[in-house]
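Source file: my_file21.txt; contents: compact mmCIF, C-alpha atoms and all ligand atoms.
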# COMPACT_ATOMS: atom_id res chain seq x y z
CA MET M 1 -29.40 24.74 -69.72
CA THR M 2 -29.89 24.90 -65.94
CA LYS M 3 -30.78 21.50 -64.56
CA GLN M 4 -34.27 20.86 -63.25
CA ARG M 5 -34.16 19.71 -59.64
CA VAL M 6 -36.50 16.78 -59.08
CA ALA M 7 -38.03 15.42 -55.88
CA VAL M 8 -39.32 11.86 -56.25
CA LEU M 9 -41.95 11.05 -53.60
CA GLY M 10 -42.34 7.27 -53.39
CA SER M 11 -38.97 6.63 -55.04
CA THR M 12 -38.77 2.93 -54.07
CA GLY M 13 -42.07 2.03 -55.74
CA SER M 14 -42.81 0.97 -59.29
CA ILE M 15 -43.37 4.53 -60.59
CA GLY M 16 -40.51 5.87 -58.48
CA VAL M 17 -38.03 3.37 -59.91
CA ASN M 18 -39.25 4.04 -63.47
CA THR M 19 -38.85 7.77 -62.84
CA LEU M 20 -35.27 7.32 -61.68
CA ASP M 21 -34.62 5.22 -64.80
CA VAL M 22 -35.78 8.11 -67.04
CA LEU M 23 -33.89 10.70 -64.97
CA ALA M 24 -30.69 8.64 -65.23
CA ARG M 25 -30.93 8.87 -69.03
CA HIS M 26 -30.81 12.68 -68.88
CA PRO M 27 -28.16 13.75 -66.37
CA ASP M 28 -27.66 16.94 -68.40
CA ARG M 29 -31.31 18.02 -67.87
CA PHE M 30 -32.23 16.76 -64.41
CA GLU M 31 -30.75 16.50 -60.95
CA VAL M 32 -32.25 14.10 -58.39
CA TYR M 33 -32.67 16.54 -55.51
CA ALA M 34 -34.75 14.58 -52.98
CA LEU M 35 -36.06 11.03 -52.49
CA THR M 36 -38.78 9.79 -50.14
CA ALA M 37 -40.20 6.36 -49.30
CA ALA M 38 -42.12 4.56 -46.56
CA SER M 39 -39.99 1.82 -45.03
CA ARG M 40 -37.65 0.00 -47.42
CA VAL M 41 -34.27 1.17 -46.13
CA ASP M 42 -32.03 -1.02 -48.32
CA GLU M 43 -33.59 0.26 -51.54
CA MET M 44 -33.48 3.86 -50.35
CA LEU M 45 -29.84 3.56 -49.31
CA ALA M 46 -28.94 2.17 -52.73
CA GLN M 47 -30.79 5.03 -54.42
CA CYS M 48 -29.00 7.59 -52.25
CA ALA M 49 -25.64 6.02 -53.11
CA ARG M 50 -26.42 6.10 -56.81
CA PHE M 51 -28.15 9.50 -57.19
CA ALA M 52 -26.63 11.46 -54.28
CA PRO M 53 -29.80 13.46 -53.52
CA ARG M 54 -29.47 16.49 -51.25
CA TYR M 55 -32.35 15.20 -49.04
CA ALA M 56 -34.09 11.94 -48.23
CA THR M 57 -36.82 10.94 -45.81
CA MET M 58 -38.79 7.84 -44.79
CA ALA M 59 -42.37 7.93 -43.48
CA ASP M 60 -41.67 5.20 -40.93
CA PRO M 61 -39.70 6.80 -38.03
CA VAL M 62 -37.70 3.65 -37.28
CA ALA M 63 -36.75 3.27 -40.95
CA CYS M 64 -35.88 6.95 -41.06
CA ARG M 65 -33.43 6.65 -38.15
CA MET M 66 -31.94 3.52 -39.66
CA LEU M 67 -31.44 5.31 -42.97
CA ALA M 68 -29.73 8.24 -41.26
CA ASP M 69 -27.34 5.86 -39.44
CA ARG M 70 -26.46 3.94 -42.57
CA ILE M 71 -25.98 7.06 -44.69
CA LYS M 72 -23.57 8.33 -42.05
CA ALA M 73 -21.77 4.99 -41.83
CA GLU M 74 -21.28 4.93 -45.60
CA GLY M 75 -20.11 8.54 -45.71
CA LEU M 76 -22.85 9.65 -48.13
CA SER M 77 -23.67 13.34 -48.48
CA THR M 78 -27.49 13.03 -48.32
CA GLN M 79 -29.19 14.77 -45.41
CA VAL M 80 -32.00 12.71 -43.85
CA LEU M 81 -35.03 14.75 -42.76
CA SER M 82 -37.36 13.29 -40.14
CA GLY M 83 -40.78 14.10 -38.72
CA ASP M 84 -44.29 14.43 -40.05
CA GLU M 85 -43.51 17.62 -41.91
CA ALA M 86 -40.54 16.30 -43.88
CA LEU M 87 -42.55 15.17 -46.91
CA CYS M 88 -44.31 18.51 -47.31
CA GLN M 89 -41.06 20.40 -46.68
CA ILE M 90 -39.44 18.52 -49.54
CA ALA M 91 -42.46 18.91 -51.86
CA ALA M 92 -42.50 22.68 -51.32
CA HIS M 93 -38.73 23.26 -51.01
CA GLU M 94 -37.71 26.44 -52.83
CA GLU M 95 -34.89 24.68 -54.65
CA VAL M 96 -37.17 21.95 -56.05
CA ASP M 97 -38.51 22.52 -59.58
CA VAL M 98 -40.29 19.22 -60.24
CA VAL M 99 -42.20 16.96 -57.86
CA MET M 100 -43.01 13.41 -58.90
CA ALA M 101 -45.99 12.38 -56.75
CA ALA M 102 -45.65 8.57 -56.73
CA ILE M 103 -46.81 7.71 -53.22
CA VAL M 104 -49.71 5.27 -53.13
CA GLY M 105 -52.95 6.25 -51.41
CA ALA M 106 -54.40 9.27 -49.63
CA ALA M 107 -51.11 9.56 -47.71
CA GLY M 108 -49.84 11.48 -50.75
CA LEU M 109 -52.47 14.24 -50.60
CA ALA M 110 -50.73 16.62 -48.18
CA PRO M 111 -47.39 16.69 -50.08
CA CYS M 112 -49.28 17.09 -53.38
CA LEU M 113 -51.09 20.12 -51.98
CA ALA M 114 -47.81 21.50 -50.66
CA ALA M 115 -46.20 21.14 -54.10
CA ALA M 116 -49.25 22.65 -55.82
CA ARG M 117 -49.32 25.66 -53.49
CA ALA M 118 -45.59 26.18 -54.00
CA GLY M 119 -46.15 26.35 -57.77
CA LYS M 120 -44.11 23.30 -58.75
CA ARG M 121 -44.23 21.24 -61.92
CA LEU M 122 -46.31 18.48 -60.33
CA LEU M 123 -46.23 15.08 -61.99
CA LEU M 124 -49.24 13.21 -60.66
CA ALA M 125 -49.10 9.42 -60.54
CA ASN M 126 -50.77 9.31 -57.09
CA LYS M 127 -54.38 9.21 -58.33
CA GLU M 128 -55.82 8.70 -54.83
CA ALA M 129 -54.60 12.21 -53.93
CA ILE M 130 -56.78 13.88 -56.57
CA VAL M 131 -59.70 11.51 -55.91
CA VAL M 132 -59.67 12.60 -52.26
CA GLY M 133 -58.62 16.22 -52.85
CA GLY M 134 -61.02 17.01 -55.71
CA ALA M 135 -61.84 20.72 -55.92
CA LEU M 136 -59.40 21.55 -53.10
CA PHE M 137 -56.59 19.97 -55.12
CA MET M 138 -57.47 21.82 -58.32
CA ASP M 139 -57.83 25.14 -56.46
CA ALA M 140 -54.39 24.66 -54.91
CA VAL M 141 -52.93 24.08 -58.38
CA ARG M 142 -54.59 27.22 -59.76
CA GLU M 143 -53.77 29.44 -56.80
CA GLY M 144 -50.19 28.22 -56.54
CA GLY M 145 -49.62 28.55 -60.28
CA ALA M 146 -48.42 24.94 -60.43
CA LEU M 147 -48.13 23.00 -63.68
CA LEU M 148 -50.08 19.78 -63.09
CA LEU M 149 -49.16 17.02 -65.53
CA PRO M 150 -50.79 13.56 -65.50
CA ILE M 151 -48.59 10.46 -65.24
CA ASP M 152 -51.38 7.87 -65.21
CA SER M 153 -50.98 6.49 -68.75
CA GLU M 154 -54.63 7.05 -69.70
CA HIS M 155 -54.63 10.65 -68.53
CA SER M 156 -51.26 11.32 -70.14
CA ALA M 157 -52.77 9.94 -73.37
CA ILE M 158 -55.74 12.33 -73.15
CA PHE M 159 -53.39 15.19 -72.33
CA GLN M 160 -51.20 14.34 -75.32
CA CYS M 161 -54.29 14.36 -77.60
CA LEU M 162 -55.33 17.84 -76.47
CA PRO M 163 -53.78 21.16 -77.54
CA GLU M 164 -51.53 23.00 -75.10
CA ASP M 165 -54.08 25.80 -74.69
CA ARG M 166 -56.41 24.51 -71.95
CA ALA M 167 -58.91 27.26 -72.67
CA THR M 168 -59.93 25.44 -75.87
CA TRP M 169 -60.53 22.01 -74.28
CA SER M 170 -64.17 22.36 -73.29
CA GLN M 171 -65.11 23.65 -76.73
CA ARG M 172 -63.43 20.69 -78.46
CA VAL M 173 -64.18 17.65 -76.35
CA ASP M 174 -67.45 15.75 -76.51
CA HIS M 175 -66.25 12.93 -74.26
CA ILE M 176 -63.18 10.86 -73.47
CA LEU M 177 -62.69 7.10 -73.58
CA LEU M 178 -60.42 5.69 -70.88
CA THR M 179 -59.10 2.30 -71.92
CA SER M 180 -58.68 -0.56 -69.46
CA SER M 181 -56.86 -3.87 -69.82
CA GLY M 182 -59.74 -5.59 -68.03
CA GLY M 183 -57.21 -6.90 -65.52
CA PRO M 184 -56.15 -10.50 -64.89
CA PHE M 185 -59.75 -11.77 -64.47
CA ARG M 186 -61.26 -10.42 -67.68
CA GLU M 187 -62.16 -13.96 -68.74
CA ARG M 188 -62.37 -15.77 -65.39
CA ASP M 189 -65.80 -17.02 -64.33
CA PRO M 190 -67.09 -14.43 -61.80
CA ALA M 191 -68.63 -17.30 -59.81
CA THR M 192 -65.04 -18.20 -58.82
CA PHE M 193 -64.03 -14.67 -57.69
CA SER M 194 -64.50 -15.67 -54.05
CA ALA M 195 -61.51 -18.03 -54.46
CA VAL M 196 -59.10 -15.44 -55.94
CA THR M 197 -55.84 -15.28 -53.95
CA PRO M 198 -53.69 -12.16 -53.43
CA GLU M 199 -50.98 -13.79 -55.58
CA GLN M 200 -53.38 -14.21 -58.49
CA ALA M 201 -54.73 -10.68 -58.12
CA VAL M 202 -51.34 -8.95 -58.18
CA ALA M 203 -50.18 -10.79 -61.32
CA HIS M 204 -51.20 -8.14 -63.86
CA PRO M 205 -51.01 -9.22 -67.52
CA ASN M 206 -49.00 -6.30 -68.97
CA PHE M 207 -47.36 -4.25 -66.19
CA ALA M 208 -45.37 -4.88 -63.02
CA MET M 209 -47.01 -2.43 -60.61
CA GLY M 210 -47.39 -1.86 -56.89
CA ARG M 211 -49.64 -4.31 -55.00
CA LYS M 212 -52.48 -1.87 -54.32
CA ILE M 213 -52.92 -0.72 -57.93
CA SER M 214 -52.60 -4.34 -59.09
CA VAL M 215 -55.57 -5.38 -56.95
CA ASP M 216 -57.43 -2.26 -58.11
CA SER M 217 -56.82 -3.32 -61.72
CA ALA M 218 -58.28 -6.74 -60.99
CA THR M 219 -61.46 -5.28 -59.41
CA MET M 220 -61.50 -2.35 -61.90
CA MET M 221 -61.58 0.02 -58.95
CA ASN M 222 -58.45 1.42 -60.58
CA LYS M 223 -60.58 2.51 -63.54
CA ALA M 224 -63.22 3.92 -61.18
CA LEU M 225 -60.53 6.05 -59.52
CA GLU M 226 -59.29 7.07 -62.97
CA VAL M 227 -62.76 8.22 -64.05
CA ILE M 228 -62.83 10.50 -61.00
CA GLU M 229 -59.25 11.62 -61.68
CA ALA M 230 -60.15 12.49 -65.31
CA LYS M 231 -63.16 14.53 -64.22
CA TRP M 232 -60.89 16.80 -62.18
CA LEU M 233 -57.87 16.91 -64.50
CA PHE M 234 -59.87 17.78 -67.60
CA ASP M 235 -62.80 19.61 -66.00
CA LEU M 236 -65.42 17.23 -67.42
CA ALA M 237 -68.94 16.30 -66.37
CA PRO M 238 -69.16 12.70 -65.09
CA GLU M 239 -71.03 11.56 -68.22
CA GLN M 240 -68.21 12.88 -70.41
CA VAL M 241 -65.89 10.20 -69.04
CA ARG M 242 -66.43 6.70 -70.45
CA VAL M 243 -64.56 3.41 -70.17
CA LEU M 244 -63.62 0.84 -72.80
CA VAL M 245 -61.94 -2.53 -72.25
CA HIS M 246 -58.90 -2.91 -74.52
CA PRO M 247 -56.82 -5.92 -73.43
CA GLN M 248 -53.74 -5.21 -75.57
CA GLN M 249 -53.07 -1.84 -73.87
CA ILE M 250 -51.72 -0.27 -77.04
CA VAL M 251 -54.28 2.55 -77.32
CA HIS M 252 -53.75 4.33 -74.02
CA SER M 253 -56.99 6.39 -74.23
CA MET M 254 -58.95 8.54 -76.69
CA VAL M 255 -60.64 11.90 -77.06
CA VAL M 256 -63.91 12.04 -79.01
CA CYS M 257 -64.30 15.56 -80.37
CA ARG M 258 -67.55 17.48 -80.93
CA ASP M 259 -67.40 16.56 -84.65
CA ASN M 260 -66.92 12.87 -83.79
CA SER M 261 -63.31 12.89 -84.87
CA VAL M 262 -61.42 10.56 -82.51
CA LEU M 263 -57.87 11.27 -81.32
CA ALA M 264 -55.87 8.45 -79.74
CA GLN M 265 -52.41 8.04 -78.25
CA LEU M 266 -50.66 4.73 -78.90
CA GLY M 267 -47.49 3.03 -77.78
CA THR M 268 -46.04 -0.02 -76.08
CA PRO M 269 -47.32 -0.26 -72.49
CA ASP M 270 -44.40 1.31 -70.59
CA MET M 271 -44.84 3.89 -67.82
CA ARG M 272 -41.59 5.57 -68.80
CA VAL M 273 -43.39 7.23 -71.73
CA PRO M 274 -45.85 9.27 -69.63
CA ILE M 275 -43.10 9.89 -67.07
CA ALA M 276 -40.70 11.23 -69.72
CA TYR M 277 -43.48 13.38 -71.20
CA GLY M 278 -44.32 14.84 -67.80
CA LEU M 279 -40.66 15.63 -67.21
CA SER M 280 -40.02 17.20 -70.60
CA PHE M 281 -43.38 18.73 -71.63
CA PRO M 282 -43.80 20.47 -74.04
CA GLU M 283 -40.65 18.88 -75.42
CA ARG M 284 -40.08 15.16 -75.95
CA ILE M 285 -37.11 13.21 -74.64
CA GLU M 286 -35.92 9.64 -74.89
CA SER M 287 -37.85 7.42 -72.46
CA GLY M 288 -36.24 4.00 -72.84
CA ALA M 289 -39.54 2.48 -74.07
CA ALA M 290 -39.49 0.19 -77.10
CA ALA M 291 -41.00 1.50 -80.33
CA LEU M 292 -44.41 0.16 -81.29
CA ASP M 293 -44.04 -2.39 -84.08
CA PHE M 294 -47.30 -2.32 -86.02
CA ALA M 295 -46.24 -5.25 -88.20
CA ARG M 296 -46.13 -7.44 -85.07
CA LEU M 297 -49.55 -6.47 -83.75
CA ALA M 298 -50.82 -9.57 -85.53
CA ALA M 299 -53.53 -10.35 -83.02
CA GLY M 300 -55.03 -6.94 -83.70
CA LEU M 301 -56.60 -4.50 -81.31
CA SER M 302 -59.94 -5.21 -79.69
CA PHE M 303 -62.38 -3.03 -77.75
CA GLN M 304 -65.49 -3.85 -75.75
CA ALA M 305 -67.81 -2.18 -73.28
CA PRO M 306 -67.04 -3.10 -69.64
CA ASP M 307 -69.20 -5.81 -68.10
CA HIS M 308 -70.65 -4.15 -65.01
CA ALA M 309 -71.66 -7.48 -63.48
CA ARG M 310 -68.00 -8.59 -63.59
CA TYR M 311 -66.79 -5.23 -62.24
CA PRO M 312 -69.55 -3.98 -59.90
CA GLY M 313 -67.36 -1.25 -58.39
CA LEU M 314 -66.84 0.62 -61.64
CA ALA M 315 -70.25 2.33 -61.52
CA LEU M 316 -69.32 3.82 -58.13
CA ALA M 317 -67.15 6.38 -59.96
CA TRP M 318 -70.12 8.13 -61.55
CA GLU M 319 -72.30 7.53 -58.49
CA THR M 320 -69.86 9.21 -56.10
CA LEU M 321 -69.18 12.07 -58.53
CA ARG M 322 -72.91 12.84 -58.51
CA ALA M 323 -73.25 12.36 -54.74
CA PRO M 324 -72.39 15.08 -52.15
CA ALA M 325 -68.79 16.36 -52.38
CA GLY M 326 -66.48 14.18 -50.32
CA SER M 327 -68.14 10.94 -51.47
CA THR M 328 -65.16 10.13 -53.69
CA ALA M 329 -62.92 10.49 -50.62
CA VAL M 330 -65.16 8.03 -48.74
CA LEU M 331 -64.97 5.56 -51.63
CA ASN M 332 -61.20 5.86 -51.81
CA ALA M 333 -60.74 5.29 -48.06
CA ALA M 334 -63.06 2.26 -48.06
CA ASN M 335 -61.20 0.80 -51.01
CA GLU M 336 -57.76 1.34 -49.44
CA VAL M 337 -58.88 -0.50 -46.30
CA ALA M 338 -60.61 -3.26 -48.28
CA VAL M 339 -57.60 -3.88 -50.54
CA ALA M 340 -55.22 -4.02 -47.56
CA ALA M 341 -57.59 -6.46 -45.81
CA PHE M 342 -57.74 -8.66 -48.91
CA LEU M 343 -53.93 -8.65 -49.23
CA ASP M 344 -53.78 -9.65 -45.52
CA ARG M 345 -56.23 -12.50 -46.28
CA ARG M 346 -58.80 -11.07 -43.88
CA ILE M 347 -61.53 -10.78 -46.52
CA ARG M 348 -62.16 -12.45 -49.87
CA PHE M 349 -61.54 -10.78 -53.23
CA ASP M 350 -65.26 -10.34 -53.99
CA GLN M 351 -65.78 -8.77 -50.57
CA ILE M 352 -63.71 -5.73 -51.56
CA HIS M 353 -66.84 -4.50 -53.36
CA ALA M 354 -69.01 -5.40 -50.37
CA VAL M 355 -66.88 -3.17 -48.13
CA ASN M 356 -66.96 -0.27 -50.62
CA PHE M 357 -70.74 -0.41 -51.08
CA SER M 358 -71.39 -0.78 -47.38
CA VAL M 359 -69.18 2.19 -46.39
CA LEU M 360 -70.76 4.43 -49.03
CA ASP M 361 -74.21 3.42 -47.75
CA GLY M 362 -73.19 4.21 -44.19
CA ILE M 363 -71.65 7.68 -44.66
CA THR M 364 -73.16 10.72 -46.36
CA PRO M 365 -70.59 13.49 -46.23
CA GLY M 366 -71.91 16.76 -44.91
CA LEU M 367 -69.85 18.73 -47.40
CA SER M 368 -72.06 20.62 -49.81
CA ALA M 369 -71.35 20.31 -53.53
CA THR M 370 -71.88 24.05 -53.98
CA ALA M 371 -69.99 25.29 -50.91
CA PRO M 372 -66.29 26.18 -51.23
CA PRO M 373 -64.09 23.08 -51.27
CA ALA M 374 -63.50 21.46 -47.93
CA ALA M 375 -60.24 22.18 -46.16
CA LEU M 376 -57.60 19.48 -45.94
CA GLN M 377 -58.54 18.82 -42.29
CA ASP M 378 -62.20 18.19 -43.30
CA LEU M 379 -61.15 15.75 -45.99
CA LEU M 380 -58.72 13.96 -43.69
CA ALA M 381 -61.44 13.70 -41.02
CA LEU M 382 -63.81 12.21 -43.59
CA ASP M 383 -61.05 9.85 -44.73
CA ALA M 384 -60.48 8.72 -41.13
CA GLN M 385 -64.22 8.24 -40.51
CA ALA M 386 -64.57 6.14 -43.67
CA ARG M 387 -61.53 4.04 -42.72
CA ALA M 388 -63.03 3.32 -39.29
CA VAL M 389 -66.37 2.24 -40.80
CA ALA M 390 -64.53 0.13 -43.40
CA GLU M 391 -62.49 -1.55 -40.64
CA GLN M 392 -65.72 -2.47 -38.79
CA CYS M 393 -67.09 -3.91 -41.99
CA VAL M 394 -63.89 -5.93 -42.56
CA ARG M 395 -64.06 -7.27 -39.00
CA ARG M 396 -67.68 -8.29 -39.48
CA LEU M 397 -66.90 -10.10 -42.72
CA SER M 398 -63.84 -11.88 -41.35
CA LEU M 399 -65.80 -13.00 -38.25
CA GLN M 400 -68.53 -14.43 -40.49
CA ALA M 401 -65.90 -16.41 -42.38
CA ALA M 402 -64.25 -17.78 -39.22
P1 LIG M 501 -45.77 1.10 -55.07
O1 LIG M 501 -46.49 0.44 -53.97
O2 LIG M 501 -44.87 0.29 -55.95
O3 LIG M 501 -44.90 2.33 -54.50
C1 LIG M 501 -45.43 3.24 -53.58
C2 LIG M 501 -44.35 4.16 -53.06
O4 LIG M 501 -44.92 5.04 -52.08
C3 LIG M 501 -43.20 3.45 -52.35
O5 LIG M 501 -41.98 4.14 -52.58
C4 LIG M 501 -43.56 3.54 -50.86
O6 LIG M 501 -42.43 3.52 -50.04
C5 LIG M 501 -44.26 4.88 -50.83
N1 LIG M 501 -45.29 4.96 -49.78
C6 LIG M 501 -46.28 4.05 -49.56
N2 LIG M 501 -47.04 4.44 -48.52
C7 LIG M 501 -46.53 5.60 -48.07
C8 LIG M 501 -46.88 6.48 -47.01
N3 LIG M 501 -47.91 6.23 -46.19
N4 LIG M 501 -46.13 7.60 -46.82
C9 LIG M 501 -45.08 7.86 -47.63
N5 LIG M 501 -44.70 7.06 -48.64
C10 LIG M 501 -45.41 5.94 -48.87
O7 LIG M 501 -46.89 1.82 -55.96
P2 LIG M 501 -46.82 2.24 -57.51
O8 LIG M 501 -47.32 1.14 -58.35
O9 LIG M 501 -45.49 2.86 -57.81
O10 LIG M 501 -47.95 3.37 -57.55
C11 LIG M 501 -47.76 4.67 -57.02
C12 LIG M 501 -48.93 5.55 -57.43
O11 LIG M 501 -48.94 5.68 -58.85
C13 LIG M 501 -50.29 4.95 -57.06
O12 LIG M 501 -51.17 5.97 -56.72
C14 LIG M 501 -50.75 4.29 -58.35
O13 LIG M 501 -52.15 4.24 -58.47
C15 LIG M 501 -50.16 5.24 -59.39
N6 LIG M 501 -49.92 4.60 -60.70
C16 LIG M 501 -49.07 3.54 -60.80
C17 LIG M 501 -48.85 2.93 -62.04
C18 LIG M 501 -47.89 1.78 -62.19
O14 LIG M 501 -47.66 1.32 -63.32
N7 LIG M 501 -47.29 1.27 -61.14
C19 LIG M 501 -49.53 3.41 -63.17
C20 LIG M 501 -50.37 4.50 -63.03
C21 LIG M 501 -50.56 5.09 -61.79
MG MG M 502 -53.79 4.07 -65.41

Let me see the structure of the file written as structure tokens.
Ligand code: NAD
Ligand code: MG
Amino acid sequence: MTKQRVAVLGSTGSIGVNTLDVLARHPDRFEVYALTAASRVDEMLAQCARFAPRYATMADPVACRMLADRIKAEGLSTQVLSGDEALCQIAAHEEVDVVMAAIVGAAGLAPCLAAARAGKRLLLANKEAIVVGGALFMDAVREGGALLLPIDSEHSAIFQCLPEDRATWSQRVDHILLTSSGGPFRERDPATFSAVTPEQAVAHPNFAMGRKISVDSATMMNKALEVIEAKWLFDLAPEQVRVLVHPQQIVHSMVVCRDNSVLAQLGTPDMRVPIAYGLSFPERIESGAAALDFARLAAGLSFQAPDHARYPGLALAWETLRAPAGSTAVLNAANEVAVAAFLDRRIRFDQIHAVNFSVLDGITPGLSATAPPAALQDLLALDAQARAVAEQCVRRLSLQAA
């Protein structure tokens, strides 16, 4: 078998490290061809020493130079690429077969589009890219002949419940149920949300994840982004995507068919399962995840409707999907700024929602829902505009607090 050459974008993050763990289990099937990260040079150097990728790059120019120096000093064979274009060059490189998109935030959109247009097997963890890219993203996948496979555990679950022939999906599916852990504050009194610290918010009950997605899980903005992601991945109407709180995170999501038969995918909560499935689809390979022991699920499995008063941002998913195209990009940008401001202790936890609502109120994208999808430049301009308005809002809120 010829080895699949894999580029891991965001290799030093939680998904990136889990991806390298799965790849290391299958050296006969996969070759780590390129690695990219933002600024953590020590981690990247260690990964280059271990996996000997052909290429590596860092988004931060200082970190990138430092990496190049240290790779040279250690006599490693990896070539360090620099400059704004390096990420997209790697994502579209003719020798790359598989791209793992595991960058966090809208920063991952351009390389995702490059990989899609180059017809790669594109493993999508970077949900913000599809939330911002929307129709443009899906068109790039279609036109490039890429194979887009979901890595988000809920979307991988839905994908695993559906037949391989996409043409039959719309006829079969009535709606889908995305499950959510409810996050660390599922039972905390919402009156105390103003006192939540960044440390409390990033301590997720079941997974060790990056800081941004951890805060998103606590606000349930993560689920809002996932509703939007599901709409695009599975070509659903907004009302066909529903959310269910399921604290044990054993049922990773469900498909409710036209005949009311329900299909579910279960397993221990471990991101290596969806990663391994994305890498091996339609085959199955060892992932490293523990088997699910039904005899030990003594506490049982519980499900409940989400409490919208506890998670006021969740409804914004359906609202922005029904609003003019580009509204989901505005929501994503506002949320990225708000989460960063909360982690920097500039605004309170409950004010993340205030920023998101205020930015959506302030910007109505001029992109028409019926016109052809906006170009990348239009979306990036909208993203920048929303970030600027969100920053003003953050400044206002932090001045009020001072
Ligand atoms: P993380 O913060 O742990 O890692 C992010 C990675 O992206 C790092 O390697 C970082 O260096 C890189 N990066 C960050 N900003 C960048 C930029 N501007 N340019 C280039 N590279 C940049 O995040 P994570 O938890 O691994 O999540 C990655 C993506 O996967 C997110 O979109 C997240 O929503 C999604 N996801 C994560 C999980 C999980 O369990 N961690 C589950 C489902 C989906
Ligand atoms: Mg998820």

Next on the checklist: Here is a test: counting only C-alpha atoms, which residue of M:Leu23, M:Ala91, M:Ala201, M:Val96 is nearest to Cys112 in chain M?
Outcome noted: M:Ala91

Next on the checklist: Neighbouring residues of ligand LIG 501 (chain M) are defined here as those with any atom at most 8 Å from a ligand atom, counting all atoms listed in the file; list them as a PyMOL selection string.
Outcome noted: chain M and resi 9-17+36-40+58-60+87+101-108+124-129+151-153+207-214+222+270-271

Generate a file of the selected residues that holds C-alpha atoms, formatted as a PDB file, in the coordinates of the input.
ATOM      1  CA  LEU M   9     -41.950  11.050 -53.600  1.00  0.00           C
ATOM      2  CA  GLY M  10     -42.340   7.270 -53.390  1.00  0.00           C
ATOM      3  CA  SER M  11     -38.970   6.630 -55.040  1.00  0.00           C
ATOM      4  CA  THR M  12     -38.770   2.930 -54.070  1.00  0.00           C
ATOM      5  CA  GLY M  13     -42.070   2.030 -55.740  1.00  0.00           C
ATOM      6  CA  SER M  14     -42.810   0.970 -59.290  1.00  0.00           C
ATOM      7  CA  ILE M  15     -43.370   4.530 -60.590  1.00  0.00           C
ATOM      8  CA  GLY M  16     -40.510   5.870 -58.480  1.00  0.00           C
ATOM      9  CA  VAL M  17     -38.030   3.370 -59.910  1.00  0.00           C
ATOM     10  CA  THR M  36     -38.780   9.790 -50.140  1.00  0.00           C
ATOM     11  CA  ALA M  37     -40.200   6.360 -49.300  1.00  0.00           C
ATOM     12  CA  ALA M  38     -42.120   4.560 -46.560  1.00  0.00           C
ATOM     13  CA  SER M  39     -39.990   1.820 -45.030  1.00  0.00           C
ATOM     14  CA  ARG M  40     -37.650   0.000 -47.420  1.00  0.00           C
ATOM     15  CA  MET M  58     -38.790   7.840 -44.790  1.00  0.00           C
ATOM     16  CA  ALA M  59     -42.370   7.930 -43.480  1.00  0.00           C
ATOM     17  CA  ASP M  60     -41.670   5.200 -40.930  1.00  0.00           C
ATOM     18  CA  LEU M  87     -42.550  15.170 -46.910  1.00  0.00           C
ATOM     19  CA  ALA M 101     -45.990  12.380 -56.750  1.00  0.00           C
ATOM     20  CA  ALA M 102     -45.650   8.570 -56.730  1.00  0.00           C
ATOM     21  CA  ILE M 103     -46.810   7.710 -53.220  1.00  0.00           C
ATOM     22  CA  VAL M 104     -49.710   5.270 -53.130  1.00  0.00           C
ATOM     23  CA  GLY M 105     -52.950   6.250 -51.410  1.00  0.00           C
ATOM     24  CA  ALA M 106     -54.400   9.270 -49.630  1.00  0.00           C
ATOM     25  CA  ALA M 107     -51.110   9.560 -47.710  1.00  0.00           C
ATOM     26  CA  GLY M 108     -49.840  11.480 -50.750  1.00  0.00           C
ATOM     27  CA  LEU M 124     -49.240  13.210 -60.660  1.00  0.00           C
ATOM     28  CA  ALA M 125     -49.100   9.420 -60.540  1.00  0.00           C
ATOM     29  CA  ASN M 126     -50.770   9.310 -57.090  1.00  0.00           C
ATOM     30  CA  LYS M 127     -54.380   9.210 -58.330  1.00  0.00           C
ATOM     31  CA  GLU M 128     -55.820   8.700 -54.830  1.00  0.00           C
ATOM     32  CA  ALA M 129     -54.600  12.210 -53.930  1.00  0.00           C
ATOM     33  CA  ILE M 151     -48.590  10.460 -65.240  1.00  0.00           C
ATOM     34  CA  ASP M 152     -51.380   7.870 -65.210  1.00  0.00           C
ATOM     35  CA  SER M 153     -50.980   6.490 -68.750  1.00  0.00           C
ATOM     36  CA  PHE M 207     -47.360  -4.250 -66.190  1.00  0.00           C
ATOM     37  CA  ALA M 208     -45.370  -4.880 -63.020  1.00  0.00           C
ATOM     38  CA  MET M 209     -47.010  -2.430 -60.610  1.00  0.00           C
ATOM     39  CA  GLY M 210     -47.390  -1.860 -56.890  1.00  0.00           C
ATOM     40  CA  ARG M 211     -49.640  -4.310 -55.000  1.00  0.00           C
ATOM     41  CA  LYS M 212     -52.480  -1.870 -54.320  1.00  0.00           C
ATOM     42  CA  ILE M 213     -52.920  -0.720 -57.930  1.00  0.00           C
ATOM     43  CA  SER M 214     -52.600  -4.340 -59.090  1.00  0.00           C
ATOM     44  CA  ASN M 222     -58.450   1.420 -60.580  1.00  0.00           C
ATOM     45  CA  ASP M 270     -44.400   1.310 -70.590  1.00  0.00           C
ATOM     46  CA  MET M 271     -44.840   3.890 -67.820  1.00  0.00           C
TER      47      MET M 271
END

Contacts between range 278-281 of chain M and range 115-153 of chain M, please, where a residue of range 115-153 of chain M counts if it comes within 10 Å (with all atoms listed in the file); show its shortest atom pair and distance in Å to one decimal, rows by chain and ascending number, as a tab-separated table.
residue	atom	partner	partner_atom	distance
M:Arg121	CA	M:Leu279	CA	8.5
M:Leu122	CA	M:Gly278	CA	8.5
M:Leu123	CA	M:Gly278	CA	6.1
M:Leu124	CA	M:Gly278	CA	8.8
M:Leu147	CA	M:Gly278	CA	9.9
M:Leu148	CA	M:Gly278	CA	8.9
M:Leu149	CA	M:Gly278	CA	5.8
M:Pro150	CA	M:Gly278	CA	7.0
M:Ile151	CA	M:Gly278	CA	6.6
